[in-house]
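File shown: upload.txt (compact mmCIF, C-alpha atoms and all ligand atoms).
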```
# COMPACT_ATOMS: atom_id res chain seq x y z
CA MET A 53 -28.97 -26.26 2.00
CA THR A 54 -28.86 -22.98 0.09
CA GLY A 55 -28.44 -24.23 -3.47
CA LYS A 56 -26.33 -21.13 -4.14
CA THR A 57 -23.16 -20.99 -6.18
CA ALA A 58 -20.11 -19.03 -5.04
CA LEU A 59 -16.92 -18.17 -6.88
CA ILE A 60 -13.83 -17.60 -4.74
CA THR A 61 -10.70 -16.01 -6.18
CA GLY A 62 -7.64 -16.78 -4.04
CA VAL A 63 -9.17 -20.08 -2.94
CA THR A 64 -5.71 -21.58 -2.33
CA GLY A 65 -4.84 -18.88 0.23
CA GLN A 66 -5.49 -18.80 3.97
CA ASP A 67 -8.91 -17.10 3.79
CA GLY A 68 -9.93 -18.91 0.61
CA ALA A 69 -9.46 -22.26 2.32
CA TYR A 70 -11.49 -21.32 5.42
CA LEU A 71 -14.20 -19.67 3.31
CA ALA A 72 -14.51 -22.63 0.90
CA GLU A 73 -14.93 -24.95 3.88
CA LEU A 74 -17.58 -22.69 5.43
CA LEU A 75 -19.58 -22.31 2.21
CA LEU A 76 -19.47 -26.05 1.46
CA LYS A 77 -20.84 -26.69 4.97
CA LYS A 78 -23.64 -24.25 4.21
CA GLY A 79 -24.56 -26.23 1.09
CA TYR A 80 -23.06 -23.97 -1.55
CA ARG A 81 -21.53 -25.18 -4.76
CA VAL A 82 -18.09 -23.60 -4.62
CA HIS A 83 -15.91 -22.68 -7.59
CA GLY A 84 -12.38 -21.54 -6.93
CA ILE A 85 -9.74 -19.94 -9.10
CA LYS A 86 -6.22 -21.28 -8.70
CA ARG A 87 -3.05 -20.24 -10.44
CA ARG A 88 -1.01 -22.58 -12.57
CA SER A 89 2.17 -23.30 -10.62
CA SER A 90 5.13 -25.60 -11.23
CA SER A 91 4.74 -26.93 -7.68
CA PHE A 92 1.64 -27.89 -5.70
CA ASN A 93 -0.27 -24.87 -4.40
CA THR A 94 -3.49 -26.51 -3.23
CA GLY A 95 -2.21 -27.81 0.14
CA ARG A 96 -4.68 -25.72 2.11
CA ILE A 97 -7.73 -27.11 0.29
CA ASP A 98 -6.67 -30.68 -0.48
CA HIS A 99 -8.97 -31.94 2.28
CA LEU A 100 -11.92 -30.39 0.42
CA TYR A 101 -10.96 -31.76 -2.99
CA GLN A 102 -13.38 -34.04 -4.81
CA ASP A 103 -12.61 -36.16 -7.83
CA PRO A 104 -14.29 -34.34 -10.73
CA HIS A 105 -15.56 -37.73 -11.94
CA GLU A 106 -17.68 -38.18 -8.81
CA ARG A 107 -21.36 -37.32 -8.92
CA ASP A 108 -22.58 -34.15 -7.25
CA VAL A 109 -19.19 -32.45 -7.11
CA ARG A 110 -19.53 -29.36 -4.90
CA LEU A 111 -15.99 -27.90 -5.20
CA THR A 112 -14.65 -27.13 -8.67
CA LEU A 113 -11.30 -25.51 -9.39
CA HIS A 114 -10.53 -23.43 -12.46
CA TYR A 115 -7.14 -22.23 -13.63
CA GLY A 116 -7.01 -18.47 -13.73
CA ASP A 117 -5.23 -15.28 -12.86
CA MET A 118 -6.35 -11.83 -11.76
CA THR A 119 -4.16 -10.32 -14.47
CA ASP A 120 -6.02 -12.13 -17.27
CA ALA A 121 -9.33 -10.43 -18.11
CA THR A 122 -10.58 -12.88 -20.74
CA ASN A 123 -9.95 -15.78 -18.41
CA LEU A 124 -11.93 -14.10 -15.62
CA ILE A 125 -14.82 -13.25 -17.96
CA ARG A 126 -14.97 -16.85 -19.21
CA ILE A 127 -15.00 -18.29 -15.69
CA VAL A 128 -17.69 -15.89 -14.45
CA GLN A 129 -19.78 -16.69 -17.53
CA GLU A 130 -19.38 -20.43 -17.02
CA VAL A 131 -20.07 -20.39 -13.28
CA GLN A 132 -22.90 -17.76 -13.23
CA PRO A 133 -22.19 -17.22 -9.51
CA ASP A 134 -24.69 -15.87 -7.00
CA GLU A 135 -21.75 -14.59 -4.95
CA ILE A 136 -18.16 -13.71 -5.80
CA TYR A 137 -15.58 -13.41 -3.03
CA ASN A 138 -12.55 -11.59 -4.42
CA LEU A 139 -9.77 -12.77 -2.10
CA ALA A 140 -6.96 -13.14 -4.65
CA ALA A 141 -4.11 -10.72 -4.17
CA GLN A 142 -0.38 -10.32 -3.90
CA SER A 143 -1.02 -9.87 -0.20
CA HIS A 144 2.43 -9.29 1.30
CA VAL A 145 3.02 -5.64 2.22
CA GLN A 146 6.83 -5.78 2.20
CA VAL A 147 6.94 -7.74 -1.07
CA SER A 148 4.74 -5.06 -2.67
CA PHE A 149 7.64 -2.57 -2.42
CA GLU A 150 9.63 -4.91 -4.67
CA THR A 151 6.78 -5.87 -7.00
CA ALA A 152 4.78 -2.66 -7.03
CA GLU A 153 3.52 -2.81 -10.61
CA TYR A 154 2.51 -6.46 -10.42
CA THR A 155 0.76 -5.82 -7.10
CA ALA A 156 -1.23 -2.98 -8.69
CA ASN A 157 -2.11 -5.18 -11.64
CA ALA A 158 -3.35 -8.13 -9.58
CA ASP A 159 -4.84 -6.29 -6.58
CA ALA A 160 -6.24 -3.10 -8.14
CA LEU A 161 -6.90 -3.87 -11.83
CA GLY A 162 -7.78 -7.48 -10.99
CA THR A 163 -10.71 -6.20 -8.94
CA LEU A 164 -11.81 -3.96 -11.82
CA ARG A 165 -11.62 -6.91 -14.24
CA LEU A 166 -13.97 -8.96 -12.07
CA LEU A 167 -16.45 -6.12 -11.63
CA GLU A 168 -16.37 -5.52 -15.39
CA ALA A 169 -17.04 -9.22 -15.97
CA ILE A 170 -20.18 -8.96 -13.81
CA ARG A 171 -21.33 -5.90 -15.71
CA LEU A 172 -20.51 -7.08 -19.24
CA LEU A 173 -22.16 -10.45 -18.69
CA GLY A 174 -25.39 -8.80 -17.53
CA LEU A 175 -25.03 -10.18 -14.01
CA ALA A 176 -25.30 -6.82 -12.20
CA ASP A 177 -28.69 -7.77 -10.75
CA ARG A 178 -27.78 -11.30 -9.87
CA THR A 179 -24.20 -11.58 -8.63
CA ARG A 180 -23.17 -10.21 -5.26
CA PHE A 181 -19.54 -9.14 -4.87
CA TYR A 182 -17.28 -9.16 -1.81
CA GLN A 183 -13.99 -7.25 -1.96
CA ALA A 184 -11.18 -8.20 0.44
CA SER A 185 -10.31 -4.71 1.63
CA THR A 186 -7.84 -4.16 4.40
CA SER A 187 -6.93 -2.15 7.48
CA GLU A 188 -3.72 -1.26 5.58
CA LEU A 189 -5.89 1.39 3.88
CA TYR A 190 -5.67 3.42 7.11
CA GLY A 191 -1.86 3.29 7.05
CA LYS A 192 -0.57 6.37 8.80
CA VAL A 193 -2.37 6.72 12.10
CA GLN A 194 -4.97 9.47 12.09
CA GLU A 195 -7.58 8.12 14.48
CA ILE A 196 -7.66 5.33 17.06
CA PRO A 197 -9.57 3.04 16.83
CA GLN A 198 -10.19 2.96 13.07
CA SER A 199 -13.74 2.64 11.77
CA GLU A 200 -15.60 2.84 8.46
CA THR A 201 -15.40 6.66 8.64
CA THR A 202 -11.67 7.00 9.38
CA PRO A 203 -9.77 8.61 6.47
CA PHE A 204 -7.39 6.43 4.47
CA HIS A 205 -3.65 7.08 4.08
CA PRO A 206 -2.02 4.05 2.41
CA ARG A 207 1.65 3.44 3.22
CA SER A 208 2.69 0.81 0.64
CA PRO A 209 2.14 -0.14 -3.00
CA TYR A 210 -0.07 -2.93 -1.65
CA ALA A 211 -2.25 -0.52 0.32
CA ALA A 212 -2.42 1.93 -2.60
CA ALA A 213 -3.56 -0.87 -4.92
CA LYS A 214 -6.15 -1.96 -2.35
CA LEU A 215 -7.32 1.65 -2.11
CA TYR A 216 -8.19 1.58 -5.82
CA ALA A 217 -9.95 -1.77 -5.35
CA TYR A 218 -11.95 -0.35 -2.42
CA TRP A 219 -13.15 2.65 -4.40
CA ILE A 220 -13.85 0.82 -7.66
CA THR A 221 -16.03 -1.59 -5.66
CA ALA A 222 -17.92 1.35 -4.13
CA ASN A 223 -18.16 3.00 -7.55
CA TYR A 224 -19.64 -0.06 -9.31
CA ARG A 225 -22.15 -0.28 -6.48
CA GLU A 226 -23.19 3.34 -6.99
CA ALA A 227 -22.90 3.44 -10.78
CA TYR A 228 -24.45 0.11 -11.76
CA GLY A 229 -26.38 -0.97 -8.68
CA ILE A 230 -24.20 -4.05 -8.16
CA HIS A 231 -24.52 -5.61 -4.70
CA ALA A 232 -20.83 -4.95 -4.04
CA SER A 233 -19.38 -4.62 -0.52
CA ASN A 234 -16.01 -4.06 1.09
CA GLY A 235 -14.93 -5.96 4.16
CA ILE A 236 -12.20 -3.85 5.75
CA LEU A 237 -10.49 -6.65 7.59
CA PHE A 238 -7.83 -6.22 10.23
CA ASN A 239 -5.06 -8.83 10.43
CA HIS A 240 -6.29 -12.36 10.86
CA GLU A 241 -4.13 -15.38 11.38
CA SER A 242 -4.31 -19.16 11.74
CA PRO A 243 -2.17 -22.29 11.51
CA ILE A 244 -2.43 -21.99 7.69
CA ARG A 245 -1.29 -18.35 7.59
CA GLY A 246 1.46 -17.77 5.00
CA GLU A 247 4.85 -18.48 6.56
CA THR A 248 6.36 -15.06 5.84
CA PHE A 249 3.74 -13.05 7.75
CA VAL A 250 5.06 -12.15 11.16
CA THR A 251 2.75 -14.29 13.32
CA ARG A 252 3.37 -17.54 11.46
CA LYS A 253 7.05 -16.75 11.08
CA ILE A 254 7.19 -16.46 14.87
CA THR A 255 5.16 -19.60 15.66
CA ARG A 256 7.20 -21.69 13.21
CA ALA A 257 10.45 -20.40 14.71
CA VAL A 258 9.24 -21.05 18.25
CA ALA A 259 8.42 -24.63 17.23
CA ALA A 260 11.82 -25.09 15.58
CA ILE A 261 13.63 -23.63 18.63
CA SER A 262 11.63 -25.88 20.94
CA LEU A 263 12.64 -28.93 18.87
CA GLY A 264 16.31 -27.84 18.86
CA LEU A 265 16.32 -27.27 15.09
CA GLN A 266 17.00 -23.52 15.17
CA ASP A 267 18.51 -21.23 17.81
CA ARG A 268 16.95 -17.81 17.13
CA ILE A 269 14.58 -15.76 14.98
CA TYR A 270 15.38 -12.56 13.09
CA LEU A 271 12.60 -9.96 13.02
CA GLY A 272 12.07 -6.35 11.93
CA ASN A 273 10.01 -3.74 13.77
CA LEU A 274 9.08 -5.19 17.16
CA ASP A 275 7.08 -2.08 18.14
CA ALA A 276 4.43 -2.37 15.39
CA GLU A 277 1.00 -2.96 16.88
CA ARG A 278 -1.77 -4.94 15.22
CA ASP A 279 -5.34 -6.02 15.91
CA TRP A 280 -4.94 -9.78 15.40
CA GLY A 281 -7.94 -12.09 15.07
CA HIS A 282 -8.55 -15.65 13.85
CA ALA A 283 -9.24 -16.20 10.12
CA ARG A 284 -12.02 -18.71 10.90
CA ASP A 285 -14.08 -15.95 12.56
CA TYR A 286 -13.42 -13.48 9.73
CA VAL A 287 -14.64 -15.64 6.84
CA GLU A 288 -17.97 -15.94 8.68
CA GLY A 289 -18.09 -12.12 8.63
CA MET A 290 -17.41 -12.06 4.86
CA TRP A 291 -20.37 -14.38 4.29
CA ARG A 292 -22.63 -12.29 6.52
CA ILE A 293 -21.73 -9.14 4.58
CA LEU A 294 -23.06 -10.71 1.37
CA GLN A 295 -26.29 -11.89 3.04
CA GLN A 296 -27.42 -8.31 3.79
CA ASP A 297 -30.24 -6.83 1.70
CA THR A 298 -28.15 -3.76 0.91
CA PRO A 299 -24.46 -3.70 0.10
CA ASP A 300 -22.21 -1.71 2.42
CA ASP A 301 -18.68 -1.50 3.85
CA TYR A 302 -17.74 -3.03 7.20
CA VAL A 303 -14.73 -3.17 9.51
CA LEU A 304 -14.03 -6.63 10.93
CA ALA A 305 -11.64 -6.53 13.88
CA THR A 306 -11.27 -7.71 17.47
CA GLY A 307 -10.93 -4.23 19.03
CA GLU A 308 -7.71 -5.31 20.82
CA LYS A 309 -4.14 -4.48 19.87
CA ARG A 310 -0.80 -6.04 20.68
CA SER A 311 2.78 -5.40 19.60
CA VAL A 312 4.94 -7.82 17.62
CA ARG A 313 7.02 -8.09 20.82
CA ALA A 314 3.92 -9.19 22.75
CA PHE A 315 3.18 -11.82 20.10
CA VAL A 316 6.72 -13.17 20.48
CA GLU A 317 6.27 -13.40 24.27
CA ALA A 318 2.91 -15.16 23.94
CA ALA A 319 4.30 -17.70 21.45
CA PHE A 320 7.37 -18.55 23.57
CA ALA A 321 5.15 -18.83 26.65
CA GLU A 322 3.35 -21.69 24.86
CA ILE A 323 6.53 -23.78 25.05
CA GLY A 324 7.20 -22.71 28.63
CA MET A 325 9.84 -20.08 27.84
CA ALA A 326 9.91 -16.47 29.07
CA VAL A 327 11.63 -13.76 27.00
CA ASP A 328 13.71 -10.95 28.53
CA TRP A 329 14.27 -7.90 26.32
CA GLN A 330 17.62 -6.06 26.29
CA GLY A 331 19.00 -3.16 24.28
CA GLU A 332 17.20 -0.82 21.92
CA GLY A 333 16.59 -0.42 18.18
CA LEU A 334 18.94 -2.54 16.09
CA ASP A 335 20.70 -3.78 19.23
CA GLU A 336 17.55 -5.09 20.85
CA THR A 337 17.52 -8.79 21.60
CA GLY A 338 15.11 -11.17 23.23
CA ARG A 339 16.84 -13.59 25.59
CA ASP A 340 15.72 -16.77 27.30
CA ALA A 341 14.99 -15.50 30.84
CA ARG A 342 16.45 -18.70 32.33
CA THR A 343 19.64 -19.29 30.30
CA GLY A 344 20.29 -15.88 28.70
CA GLN A 345 20.48 -17.51 25.24
CA THR A 346 19.55 -15.10 22.42
CA LEU A 347 16.18 -16.05 20.95
CA VAL A 348 15.27 -12.89 18.98
CA GLU A 349 17.48 -10.52 17.00
CA VAL A 350 16.47 -7.42 15.06
CA ASP A 351 17.42 -7.50 11.37
CA PRO A 352 16.92 -4.24 9.42
CA ARG A 353 16.22 -6.17 6.22
CA TYR A 354 12.68 -6.64 7.57
CA PHE A 355 12.11 -2.91 8.06
CA ARG A 356 9.74 -1.37 5.52
CA PRO A 357 10.41 1.89 3.61
CA THR A 358 7.19 3.20 5.17
CA GLU A 359 5.77 1.36 8.16
CA VAL A 360 2.23 1.14 9.51
CA GLU A 361 2.84 1.56 13.22
CA LEU A 362 -0.57 0.90 14.73
CA LEU A 363 -3.81 -0.70 13.57
CA LEU A 364 -6.73 -1.08 15.94
CA GLY A 365 -10.24 -1.63 14.60
CA ASP A 366 -13.64 -0.59 15.85
CA PRO A 367 -15.95 -3.46 14.86
CA SER A 368 -19.13 -1.95 16.34
CA LYS A 369 -20.92 -1.51 12.98
CA ALA A 370 -20.38 -5.18 12.09
CA GLN A 371 -21.57 -6.17 15.54
CA ARG A 372 -24.69 -4.03 15.25
CA LYS A 373 -25.67 -4.74 11.65
CA LEU A 374 -24.27 -8.21 10.99
CA GLY A 375 -24.44 -9.64 14.50
CA TRP A 376 -20.77 -10.52 13.95
CA GLN A 377 -17.94 -10.48 16.45
CA ALA A 378 -14.53 -12.07 16.72
CA THR A 379 -14.89 -14.99 19.12
CA THR A 380 -11.45 -16.61 19.32
CA PRO A 381 -9.38 -15.24 22.22
CA PHE A 382 -5.85 -14.12 21.28
CA SER A 383 -4.22 -16.67 23.60
CA ASP A 384 -6.23 -19.55 22.06
CA MET A 385 -5.17 -18.48 18.58
CA VAL A 386 -1.47 -18.32 19.50
CA ALA A 387 -1.73 -21.70 21.27
CA GLU A 388 -3.40 -23.28 18.21
CA MET A 389 -0.73 -21.89 15.88
CA VAL A 390 2.21 -23.02 18.04
CA ARG A 391 0.72 -26.49 18.56
CA ALA A 392 0.15 -26.92 14.82
CA ASP A 393 3.69 -25.74 14.02
CA LEU A 394 5.24 -28.11 16.56
CA GLU A 395 3.65 -30.95 14.56
CA THR A 396 4.45 -29.52 11.14
CA VAL A 397 8.08 -28.68 11.91
CA ALA A 398 8.68 -32.10 13.51
CA ARG A 399 7.10 -33.86 10.50
CA GLU A 400 9.23 -31.83 8.06
CA ALA A 401 12.39 -32.66 10.05
CA ASP A 402 11.52 -36.39 9.97
CA GLN A 403 10.96 -36.20 6.23
CA ARG A 404 14.30 -34.43 5.72
CA ARG A 405 16.03 -37.15 7.74
CA LEU A 406 14.41 -39.91 5.68
CA ASP A 407 15.36 -38.14 2.43
CA GLU A 408 18.97 -37.78 3.59
CA GLU A 409 19.18 -41.45 4.61
CA HIS A 410 17.73 -42.44 1.25
CA THR A 411 20.26 -40.27 -0.61
CA GLN A 412 23.10 -41.77 1.43
CA ARG A 413 21.94 -45.31 0.69
CA LEU A 414 21.78 -44.48 -3.02
CA ALA A 415 25.28 -42.96 -2.88
CA GLN A 416 26.59 -46.13 -1.21
CA GLY A 417 24.99 -48.19 -3.97
CA ALA A 418 22.73 -50.01 -1.49
P1 LIG B 501 -2.95 -15.24 0.96
O1 LIG B 501 -1.71 -14.56 0.52
O2 LIG B 501 -2.88 -16.40 1.89
O3 LIG B 501 -3.75 -15.75 -0.35
C1 LIG B 501 -3.81 -14.99 -1.51
C2 LIG B 501 -4.46 -15.82 -2.61
O4 LIG B 501 -4.46 -15.05 -3.82
C3 LIG B 501 -3.74 -17.13 -2.92
O5 LIG B 501 -4.71 -18.09 -3.28
C4 LIG B 501 -2.91 -16.74 -4.13
O6 LIG B 501 -2.58 -17.84 -4.95
C5 LIG B 501 -3.90 -15.85 -4.85
N1 LIG B 501 -3.29 -14.98 -5.84
C6 LIG B 501 -2.25 -14.13 -5.71
N2 LIG B 501 -2.01 -13.48 -6.85
C7 LIG B 501 -2.90 -13.94 -7.75
C8 LIG B 501 -3.16 -13.67 -9.12
N3 LIG B 501 -2.43 -12.81 -9.80
N4 LIG B 501 -4.19 -14.32 -9.72
C9 LIG B 501 -4.94 -15.22 -9.04
N5 LIG B 501 -4.73 -15.53 -7.76
C10 LIG B 501 -3.73 -14.89 -7.11
O7 LIG B 501 -3.90 -14.11 1.54
P2 LIG B 501 -5.03 -14.22 2.70
O8 LIG B 501 -5.82 -15.44 2.49
O9 LIG B 501 -4.39 -13.95 4.00
O10 LIG B 501 -5.90 -12.93 2.36
C11 LIG B 501 -7.00 -13.00 1.46
C12 LIG B 501 -7.29 -11.60 0.92
O11 LIG B 501 -7.63 -10.73 1.98
C13 LIG B 501 -6.14 -10.93 0.19
O12 LIG B 501 -6.70 -10.14 -0.84
C14 LIG B 501 -5.52 -10.03 1.24
O13 LIG B 501 -4.87 -8.93 0.63
C15 LIG B 501 -6.75 -9.62 2.02
N6 LIG B 501 -6.56 -9.31 3.42
C16 LIG B 501 -5.97 -10.20 4.25
C17 LIG B 501 -5.86 -9.97 5.60
C18 LIG B 501 -5.22 -10.92 6.54
O14 LIG B 501 -4.89 -10.51 7.66
N7 LIG B 501 -5.03 -12.19 6.17
C19 LIG B 501 -6.42 -8.72 6.18
C20 LIG B 501 -7.07 -7.85 5.22
C21 LIG B 501 -7.14 -8.16 3.90
P3 LIG B 501 -1.29 -18.79 -4.61
O15 LIG B 501 -1.76 -19.72 -3.52
O16 LIG B 501 -1.04 -19.46 -5.91
O17 LIG B 501 -0.20 -17.88 -4.16
P1 LIG B 502 0.89 -6.82 7.63
O1 LIG B 502 1.36 -8.25 8.16
O2 LIG B 502 1.98 -6.07 6.98
O3 LIG B 502 0.18 -6.17 8.78
O4 LIG B 502 -0.14 -7.24 6.48
P2 LIG B 502 2.81 -8.82 8.54
O5 LIG B 502 2.55 -9.99 9.40
O6 LIG B 502 3.66 -9.01 7.33
O7 LIG B 502 3.45 -7.62 9.40
C1 LIG B 502 2.88 -7.18 10.62
C2 LIG B 502 3.84 -6.24 11.32
O8 LIG B 502 4.97 -6.99 11.79
C3 LIG B 502 6.14 -6.27 11.49
N1 LIG B 502 7.28 -7.19 11.42
C4 LIG B 502 7.45 -8.15 10.50
N2 LIG B 502 6.67 -8.56 9.46
C5 LIG B 502 7.11 -9.61 8.70
N3 LIG B 502 6.32 -10.06 7.69
N4 LIG B 502 8.30 -10.23 8.95
C6 LIG B 502 9.13 -9.84 9.98
O9 LIG B 502 10.19 -10.42 10.18
C7 LIG B 502 8.67 -8.77 10.80
N5 LIG B 502 9.19 -8.16 11.89
C8 LIG B 502 8.34 -7.20 12.26
C9 LIG B 502 5.85 -5.59 10.16
O10 LIG B 502 6.76 -4.52 9.94
C10 LIG B 502 4.41 -5.13 10.42
O11 LIG B 502 4.39 -3.92 11.09
C11 LIG B 502 -1.08 -8.30 6.67
C12 LIG B 502 -1.35 -8.94 5.30
O12 LIG B 502 -2.15 -10.08 5.51
C13 LIG B 502 -2.08 -7.98 4.40
O13 LIG B 502 -2.47 -8.66 3.21
C14 LIG B 502 -3.32 -7.46 5.11
O14 LIG B 502 -3.99 -6.54 4.29
C15 LIG B 502 -2.93 -6.82 6.45
O15 LIG B 502 -2.26 -7.79 7.23
C16 LIG B 502 -4.15 -6.35 7.20
```
Render the structure in this file as structure tokens.
Ligand code: NDP
Ligand code: GDR
Amino acid sequence: MTGKTALITGVTGQDGAYLAELLLKKGYRVHGIKRRSSSFNTGRIDHLYQDPHERDVRLTLHYGDMTDATNLIRIVQEVQPDEIYNLAAQSHVQVSFETAEYTANADALGTLRLLEAIRLLGLADRTRFYQASTSELYGKVQEIPQSETTPFHPRSPYAAAKLYAYWITANYREAYGIHASNGILFNHESPIRGETFVTRKITRAVAAISLGLQDRIYLGNLDAERDWGHARDYVEGMWRILQQDTPDDYVLATGEKRSVRAFVEAAFAEIGMAVDWQGEGLDETGRDARTGQTLVEVDPRYFRPTEVELLLGDPSKAQRKLGWQATTPFSDMVAEMVRADLETVAREADQRRLDEEHTQRLAQGA
């Protein structure tokens, strides 16, 4: 047991949930920041929740927001963390084109606010800081694969905000000696990935098609290529980064790339279906190889004003210095996501049926 205390921003997100679980297993006391919401937003960490009235509570949640400096300062002061993992962000690239200013506020200035809290509270020598940087920083392809020395060329308001966060983290390290590090993480997925990211959108649709609840999925750019790993492996890398004697920046990636089209094929293969591709561009469709039924259609609404065509990471520094590597094979990850979505989608459909029956009974005065 470490006896250490960690503060996680974005604890209700995909990575926050996996990281909280990992740190609790390692014996940390974990504090998480969650946003006030009119609906439940703690689904991913409910299994870790402890009644605050219990003795020896190891997971504590605080209301907060990356746009609220005084709130962040108060929480950091109260928690006096040994480690801060800054995972909170408006993390959707396409949404950032519609909410550019908010994305900059939360993702760029939010990072500054946390670093300032460390500095103002005199915690520069005590609190280690992890910044959730991203392969989106590379944006427009200049070098393949991308490593810690590849130049950045952000291609979205999200990536531009994360660029500021990357550099302000490096600057506070150099200026004030804070143990502050960037993990430049390539895409990582899981059964609890947000449902509007392409992998989870695909696995949910495959499950719904398999259960006869939906007939097709609409997608954007099928040619985009990504280096997809499993979130469980990546949170282990985040922790390792903060255990180093000296702070530094690291790429975490699998070193393998696949297209969106290949992800679609792999997901349908999990339910025993093969996809045939026909047409090109907007007319491209994916058909069931056996029946010819359309399973995939291209919808331009999912195209981005500027696209990141190819991300492929070189994780050799992390391997060498952290002893870290991605261990989950791509096919296992896709299988895990499809299996989980088959259960989730079936459960949701059952619930909808029960709700409808209940409403009908009420309407009939039963
Ligand atoms: P998610 O979108 O699943 O989670 C984001 C978290 O941030 C959620 O807890 C969300 O709260 C919270 N959040 C959003 N805005 C605010 C705000 N203004 N104040 C406080 N909290 C906020 O992201 P992931 O878990 O996938 O990613 C974690 C981090 O890593 C993000 O910073 C992301 O940009 C970055 N990243 C992710 C990669 C990936 O492939 N997953 C790759 C590289 C970097 P709520 O639940 O209420 O929405
Ligand atoms: P990304 O993830 O933008 O890489 O950012 P996303 O899954 O949204 O897109 C990956 C690629 O798929 C293409 N695509 C679609 N994307 C979505 N969301 N929906 C579609 O219907 C669709 N069709 C095709 C996209 O154009 C893109 O090329 C993720 C986030 O987690 C970021 O926070 C993180 O920083 C990066 O990964 C690394």
*Gap from CA of Asp340 in chain A to CA of Ala319 in chain A - Å, one decimal*: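 Between CA of Asp340 in chain A and CA of Ala319 in chain A the gap works out to 12.9 Å.
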Distance table requested - chain A against ligand LIG 502 (chain B), cut-off 6 Å, only C-alpha atoms and all ligand atoms: one row per qualifying residue with the closest atom pair and its distance in Å to one decimal, ordered by chain and rising residue number, as a Markdown table.
```
| residue | atom | partner | partner_atom | distance |
| --- | --- | --- | --- | --- |
| A:Ser143 | CA | B:LIG502 | O13 | 3.9 |
| A:His144 | CA | B:LIG502 | O13 | 5.3 |
| A:Val145 | CA | B:LIG502 | O2 | 4.9 |
| A:Thr186 | CA | B:LIG502 | O14 | 4.5 |
| A:Ser187 | CA | B:LIG502 | C16 | 5.0 |
| A:Glu188 | CA | B:LIG502 | C16 | 5.4 |
| A:Phe238 | CA | B:LIG502 | C16 | 4.8 |
| A:Asn239 | CA | B:LIG502 | C16 | 4.2 |
| A:Thr248 | CA | B:LIG502 | N3 | 5.3 |
| A:Phe249 | CA | B:LIG502 | O5 | 3.7 |
| A:Val250 | CA | B:LIG502 | O5 | 3.8 |
| A:Thr251 | CA | B:LIG502 | O5 | 5.8 |
| A:Leu271 | CA | B:LIG502 | O9 | 3.8 |
| A:Gly272 | CA | B:LIG502 | N5 | 3.4 |
| A:Asn273 | CA | B:LIG502 | C8 | 4.1 |
| A:Leu274 | CA | B:LIG502 | C8 | 5.3 |
| A:Ala276 | CA | B:LIG502 | O11 | 4.6 |
| A:Val312 | CA | B:LIG502 | O8 | 5.9 |
| A:Tyr354 | CA | B:LIG502 | O9 | 5.2 |
| A:Phe355 | CA | B:LIG502 | O10 | 5.9 |
| A:Val360 | CA | B:LIG502 | O11 | 5.7 |
```
Trp280 in chain A surroundings by only C-alpha atoms, 12 Å radius, close-in-sequence under 4 positions cut, as a PDB file with C-alpha atoms, in the frame of the given file:
```pdb
ATOM      1  CA  SER A 187      -6.930  -2.150   7.480  1.00  0.00           C
ATOM      2  CA  LEU A 237     -10.490  -6.650   7.590  1.00  0.00           C
ATOM      3  CA  PHE A 238      -7.830  -6.220  10.230  1.00  0.00           C
ATOM      4  CA  ASN A 239      -5.060  -8.830  10.430  1.00  0.00           C
ATOM      5  CA  HIS A 240      -6.290 -12.360  10.860  1.00  0.00           C
ATOM      6  CA  GLU A 241      -4.130 -15.380  11.380  1.00  0.00           C
ATOM      7  CA  SER A 242      -4.310 -19.160  11.740  1.00  0.00           C
ATOM      8  CA  VAL A 250       5.060 -12.150  11.160  1.00  0.00           C
ATOM      9  CA  THR A 251       2.750 -14.290  13.320  1.00  0.00           C
ATOM     10  CA  ALA A 276       4.430  -2.370  15.390  1.00  0.00           C
ATOM     11  CA  ASP A 285     -14.080 -15.950  12.560  1.00  0.00           C
ATOM     12  CA  TYR A 286     -13.420 -13.480   9.730  1.00  0.00           C
ATOM     13  CA  LEU A 304     -14.030  -6.630  10.930  1.00  0.00           C
ATOM     14  CA  ALA A 305     -11.640  -6.530  13.880  1.00  0.00           C
ATOM     15  CA  THR A 306     -11.270  -7.710  17.470  1.00  0.00           C
ATOM     16  CA  GLY A 307     -10.930  -4.230  19.030  1.00  0.00           C
ATOM     17  CA  GLU A 308      -7.710  -5.310  20.820  1.00  0.00           C
ATOM     18  CA  LYS A 309      -4.140  -4.480  19.870  1.00  0.00           C
ATOM     19  CA  ARG A 310      -0.800  -6.040  20.680  1.00  0.00           C
ATOM     20  CA  SER A 311       2.780  -5.400  19.600  1.00  0.00           C
ATOM     21  CA  VAL A 312       4.940  -7.820  17.620  1.00  0.00           C
ATOM     22  CA  ALA A 314       3.920  -9.190  22.750  1.00  0.00           C
ATOM     23  CA  PHE A 315       3.180 -11.820  20.100  1.00  0.00           C
ATOM     24  CA  LEU A 362      -0.570   0.900  14.730  1.00  0.00           C
ATOM     25  CA  LEU A 363      -3.810  -0.700  13.570  1.00  0.00           C
ATOM     26  CA  LEU A 364      -6.730  -1.080  15.940  1.00  0.00           C
ATOM     27  CA  GLY A 365     -10.240  -1.630  14.600  1.00  0.00           C
ATOM     28  CA  ALA A 378     -14.530 -12.070  16.720  1.00  0.00           C
ATOM     29  CA  THR A 379     -14.890 -14.990  19.120  1.00  0.00           C
ATOM     30  CA  THR A 380     -11.450 -16.610  19.320  1.00  0.00           C
ATOM     31  CA  PRO A 381      -9.380 -15.240  22.220  1.00  0.00           C
ATOM     32  CA  PHE A 382      -5.850 -14.120  21.280  1.00  0.00           C
ATOM     33  CA  SER A 383      -4.220 -16.670  23.600  1.00  0.00           C
ATOM     34  CA  ASP A 384      -6.230 -19.550  22.060  1.00  0.00           C
ATOM     35  CA  MET A 385      -5.170 -18.480  18.580  1.00  0.00           C
ATOM     36  CA  VAL A 386      -1.470 -18.320  19.500  1.00  0.00           C
TER      37      VAL A 386
END
```
